[in-house]
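Encoded as structure tokens, the structure appears first; notes follow it.
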Amino acid sequence: MENNELNTQPNNPLHGVKLADVLNVLLDVYGWDELGRRINIRCFNFDPSINSSLKFLRKNQWARDQVEALYLRTIAHKK
């Protein structure tokens, strides 16, 4: 991999962050109940699990966008 490939998105705060890590941070901060209230999707509100949520988020970009936006707001408040 060339050096310029490693720096293609230097200003993107999500660059290099795995979706599973994003979800785990949100769960640590909010838990399933609050996460389901903030982002009303079935995989957070009915029998939630990391695996089912990751599967859903990988298939539905609109839901992933909401999760990533909440993550960015959450880490901004932590700083």
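As shown in the structure tokens, the chain order sets the letters A, B, ...; within each chain, residues go from 1, and ligands are also counted from 1 in the order they appear.
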
Applying 12 Å and only C-alpha atoms, which residues near stretch 16-19 of chain A remain after dropping the ones on its own chain fewer than 2 positions away? List them as an mmCIF file with N, CA and C atoms, in the first residue's frame.
data_model
loop_
_atom_site.group_PDB
_atom_site.id
_atom_site.type_symbol
_atom_site.label_atom_id
_atom_site.label_comp_id
_atom_site.auth_asym_id
_atom_site.auth_seq_id
_atom_site.Cartn_x
_atom_site.Cartn_y
_atom_site.Cartn_z
ATOM 1 N N LEU A 6 -2.769 5.639 2.487
ATOM 2 C CA LEU A 6 -3.039 5.639 3.915
ATOM 3 C C LEU A 6 -3.643 6.961 4.373
ATOM 4 N N ASN A 7 -3.402 8.031 3.660
ATOM 5 C CA ASN A 7 -3.841 9.357 4.074
ATOM 6 C C ASN A 7 -4.928 9.925 3.166
ATOM 7 N N THR A 8 -5.763 9.078 2.604
ATOM 8 C CA THR A 8 -6.771 9.570 1.669
ATOM 9 C C THR A 8 -7.887 10.334 2.357
ATOM 10 N N GLN A 9 -8.099 10.113 3.644
ATOM 11 C CA GLN A 9 -9.165 10.789 4.374
ATOM 12 C C GLN A 9 -8.653 11.299 5.729
ATOM 13 N N PRO A 10 -7.640 12.142 5.739
ATOM 14 C CA PRO A 10 -7.046 12.536 7.023
ATOM 15 C C PRO A 10 -7.986 13.347 7.913
ATOM 16 N N ASN A 11 -8.982 14.020 7.350
ATOM 17 C CA ASN A 11 -9.890 14.834 8.149
ATOM 18 C C ASN A 11 -11.200 14.140 8.489
ATOM 19 N N ASN A 12 -11.356 12.894 8.075
ATOM 20 C CA ASN A 12 -12.564 12.137 8.364
ATOM 21 C C ASN A 12 -12.408 11.474 9.745
ATOM 22 N N PRO A 13 -13.195 11.902 10.746
ATOM 23 C CA PRO A 13 -13.033 11.324 12.086
ATOM 24 C C PRO A 13 -13.421 9.851 12.171
ATOM 25 N N LEU A 14 -14.135 9.343 11.173
ATOM 26 C CA LEU A 14 -14.519 7.929 11.160
ATOM 27 C C LEU A 14 -13.520 7.056 10.411
ATOM 28 N N ASP A 21 -16.692 -1.004 16.698
ATOM 29 C CA ASP A 21 -16.162 -0.115 17.731
ATOM 30 C C ASP A 21 -17.102 1.064 17.970
ATOM 31 N N VAL A 22 -17.659 1.606 16.896
ATOM 32 C CA VAL A 22 -18.637 2.691 17.007
ATOM 33 C C VAL A 22 -19.817 2.226 17.855
ATOM 34 N N LEU A 23 -20.348 1.070 17.532
ATOM 35 C CA LEU A 23 -21.502 0.539 18.254
ATOM 36 C C LEU A 23 -21.160 0.268 19.715
ATOM 37 N N ASN A 24 -19.996 -0.269 19.983
ATOM 38 C CA ASN A 24 -19.597 -0.551 21.369
ATOM 39 C C ASN A 24 -19.447 0.724 22.194
ATOM 40 N N VAL A 25 -18.920 1.781 21.603
ATOM 41 C CA VAL A 25 -18.819 3.064 22.317
ATOM 42 C C VAL A 25 -20.206 3.573 22.653
ATOM 43 N N LEU A 26 -21.108 3.536 21.679
ATOM 44 C CA LEU A 26 -22.469 4.012 21.913
ATOM 45 C C LEU A 26 -23.170 3.178 22.984
ATOM 46 N N ILE A 50 -25.266 -7.251 19.450
ATOM 47 C CA ILE A 50 -24.229 -6.633 18.625
ATOM 48 C C ILE A 50 -24.282 -7.216 17.216
ATOM 49 N N ASN A 51 -24.339 -8.534 17.118
ATOM 50 C CA ASN A 51 -24.294 -9.174 15.796
ATOM 51 C C ASN A 51 -25.470 -8.798 14.914
ATOM 52 N N SER A 53 -27.339 -6.150 15.148
ATOM 53 C CA SER A 53 -27.251 -4.723 14.841
ATOM 54 C C SER A 53 -26.207 -4.455 13.762
ATOM 55 N N LEU A 54 -25.058 -5.091 13.867
ATOM 56 C CA LEU A 54 -24.022 -4.909 12.846
ATOM 57 C C LEU A 54 -24.511 -5.385 11.480
ATOM 58 N N LYS A 55 -25.186 -6.514 11.454
ATOM 59 C CA LYS A 55 -25.708 -7.040 10.194
ATOM 60 C C LYS A 55 -26.690 -6.048 9.570
ATOM 61 N N PHE A 56 -27.602 -5.504 10.381
ATOM 62 C CA PHE A 56 -28.578 -4.550 9.883
ATOM 63 C C PHE A 56 -27.897 -3.263 9.409
ATOM 64 N N LEU A 57 -26.975 -2.745 10.198
ATOM 65 C CA LEU A 57 -26.318 -1.483 9.860
ATOM 66 C C LEU A 57 -25.466 -1.602 8.595
ATOM 67 N N ARG A 58 -24.889 -2.764 8.375
ATOM 68 C CA ARG A 58 -24.085 -2.954 7.159
ATOM 69 C C ARG A 58 -24.957 -3.004 5.905
ATOM 70 N N GLN A 61 -27.649 1.718 4.797
ATOM 71 C CA GLN A 61 -26.789 2.888 4.938
ATOM 72 C C GLN A 61 -27.475 4.023 5.698
ATOM 73 N N ALA A 63 -29.468 3.837 8.216
ATOM 74 C CA ALA A 63 -29.360 3.564 9.647
ATOM 75 C C ALA A 63 -27.922 3.757 10.116
ATOM 76 N N ARG A 64 -26.980 3.311 9.303
ATOM 77 C CA ARG A 64 -25.577 3.486 9.646
ATOM 78 C C ARG A 64 -25.223 4.965 9.730
ATOM 79 N N ASP A 65 -25.778 5.770 8.833
ATOM 80 C CA ASP A 65 -25.539 7.215 8.868
ATOM 81 C C ASP A 65 -26.007 7.812 10.191
ATOM 82 N N VAL A 67 -26.308 6.212 13.090
ATOM 83 C CA VAL A 67 -25.433 5.706 14.147
ATOM 84 C C VAL A 67 -24.107 6.467 14.138
ATOM 85 N N GLU A 68 -23.549 6.667 12.960
ATOM 86 C CA GLU A 68 -22.279 7.384 12.865
ATOM 87 C C GLU A 68 -22.425 8.840 13.296
ATOM 88 N N TYR A 71 -22.535 8.874 17.041
ATOM 89 C CA TYR A 71 -21.182 8.612 17.522
ATOM 90 C C TYR A 71 -20.338 9.886 17.463
ATOM 91 N N LEU A 72 -20.397 10.605 16.367
ATOM 92 C CA LEU A 72 -19.616 11.832 16.233
ATOM 93 C C LEU A 72 -20.046 12.874 17.251
#

* So which residues touch A:Asn45 within 9 Å, counting only C-alpha atoms, skipping near sequence neighbours fewer than 2 positions away, as number ranges by chain? -> A: 32-33, 35-37, 40-43, 47-48

* Asked: By how many Å are atom CA of A:Ala76 and atom CA of A:Ser52 apart?
  ->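 Between atom CA of A:Ala76 and atom CA of A:Ser52 the gap works out to 26.9 Å.
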
Could you pull out the helix (DSSP H, G or I) residues of chain A from DSSP and send them as a compact mmCIF listing (two decimals) with C-alpha atoms, in the first residue's frame?
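File written: states-v2.txt
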# COMPACT_ATOMS: atom_id res chain seq x y z
CA ASN A 3 1.78 6.10 1.61
CA ASN A 4 -0.76 8.35 -0.13
CA GLU A 5 -3.38 5.58 0.15
CA LEU A 6 -3.04 5.64 3.92
CA LEU A 19 -18.46 -0.11 12.88
CA ALA A 20 -18.29 -2.59 15.77
CA ASP A 21 -16.16 -0.12 17.73
CA VAL A 22 -18.64 2.69 17.01
CA LEU A 23 -21.50 0.54 18.25
CA ASN A 24 -19.60 -0.55 21.37
CA VAL A 25 -18.82 3.06 22.32
CA LEU A 26 -22.47 4.01 21.91
CA LEU A 27 -23.55 1.03 24.01
CA ASP A 28 -21.09 1.95 26.75
CA VAL A 29 -22.42 5.50 26.85
CA TYR A 30 -26.15 4.94 26.29
CA GLY A 31 -27.03 1.25 26.64
CA TRP A 32 -29.60 -0.48 24.43
CA ASP A 33 -32.65 1.31 25.85
CA GLU A 34 -31.38 4.84 25.34
CA LEU A 35 -29.78 3.95 22.01
CA GLY A 36 -33.16 2.64 20.84
CA ARG A 37 -34.83 5.87 21.95
CA ARG A 38 -32.27 8.03 20.17
CA ARG A 42 -35.90 -2.45 15.42
CA CYS A 43 -32.48 -4.04 15.99
CA PHE A 44 -31.94 -1.67 18.94
CA ASN A 45 -35.40 -2.03 20.46
CA ILE A 50 -24.23 -6.63 18.63
CA ASN A 51 -24.29 -9.17 15.80
CA SER A 52 -27.84 -8.46 14.64
CA SER A 53 -27.25 -4.72 14.84
CA LEU A 54 -24.02 -4.91 12.85
CA LYS A 55 -25.71 -7.04 10.19
CA PHE A 56 -28.58 -4.55 9.88
CA LEU A 57 -26.32 -1.48 9.86
CA ARG A 58 -24.08 -2.95 7.16
CA LYS A 59 -27.12 -3.51 4.91
CA GLN A 61 -26.79 2.89 4.94
CA TRP A 62 -29.50 5.26 6.23
CA ALA A 63 -29.36 3.56 9.65
CA ARG A 64 -25.58 3.49 9.65
CA ASP A 65 -25.54 7.21 8.87
CA GLN A 66 -27.67 7.87 11.95
CA VAL A 67 -25.43 5.71 14.15
CA GLU A 68 -22.28 7.38 12.86
CA ALA A 69 -23.79 10.85 13.39
CA LEU A 70 -24.69 10.00 17.00
CA TYR A 71 -21.18 8.61 17.52
CA LEU A 72 -19.62 11.83 16.23
CA ARG A 73 -21.83 13.95 18.49
CA THR A 74 -21.00 11.67 21.43
CA ILE A 75 -17.23 11.81 21.02
CA ALA A 76 -17.40 15.59 20.46
CA HIS A 77 -19.07 16.00 23.87
CA LYS A 78 -16.42 13.83 25.52
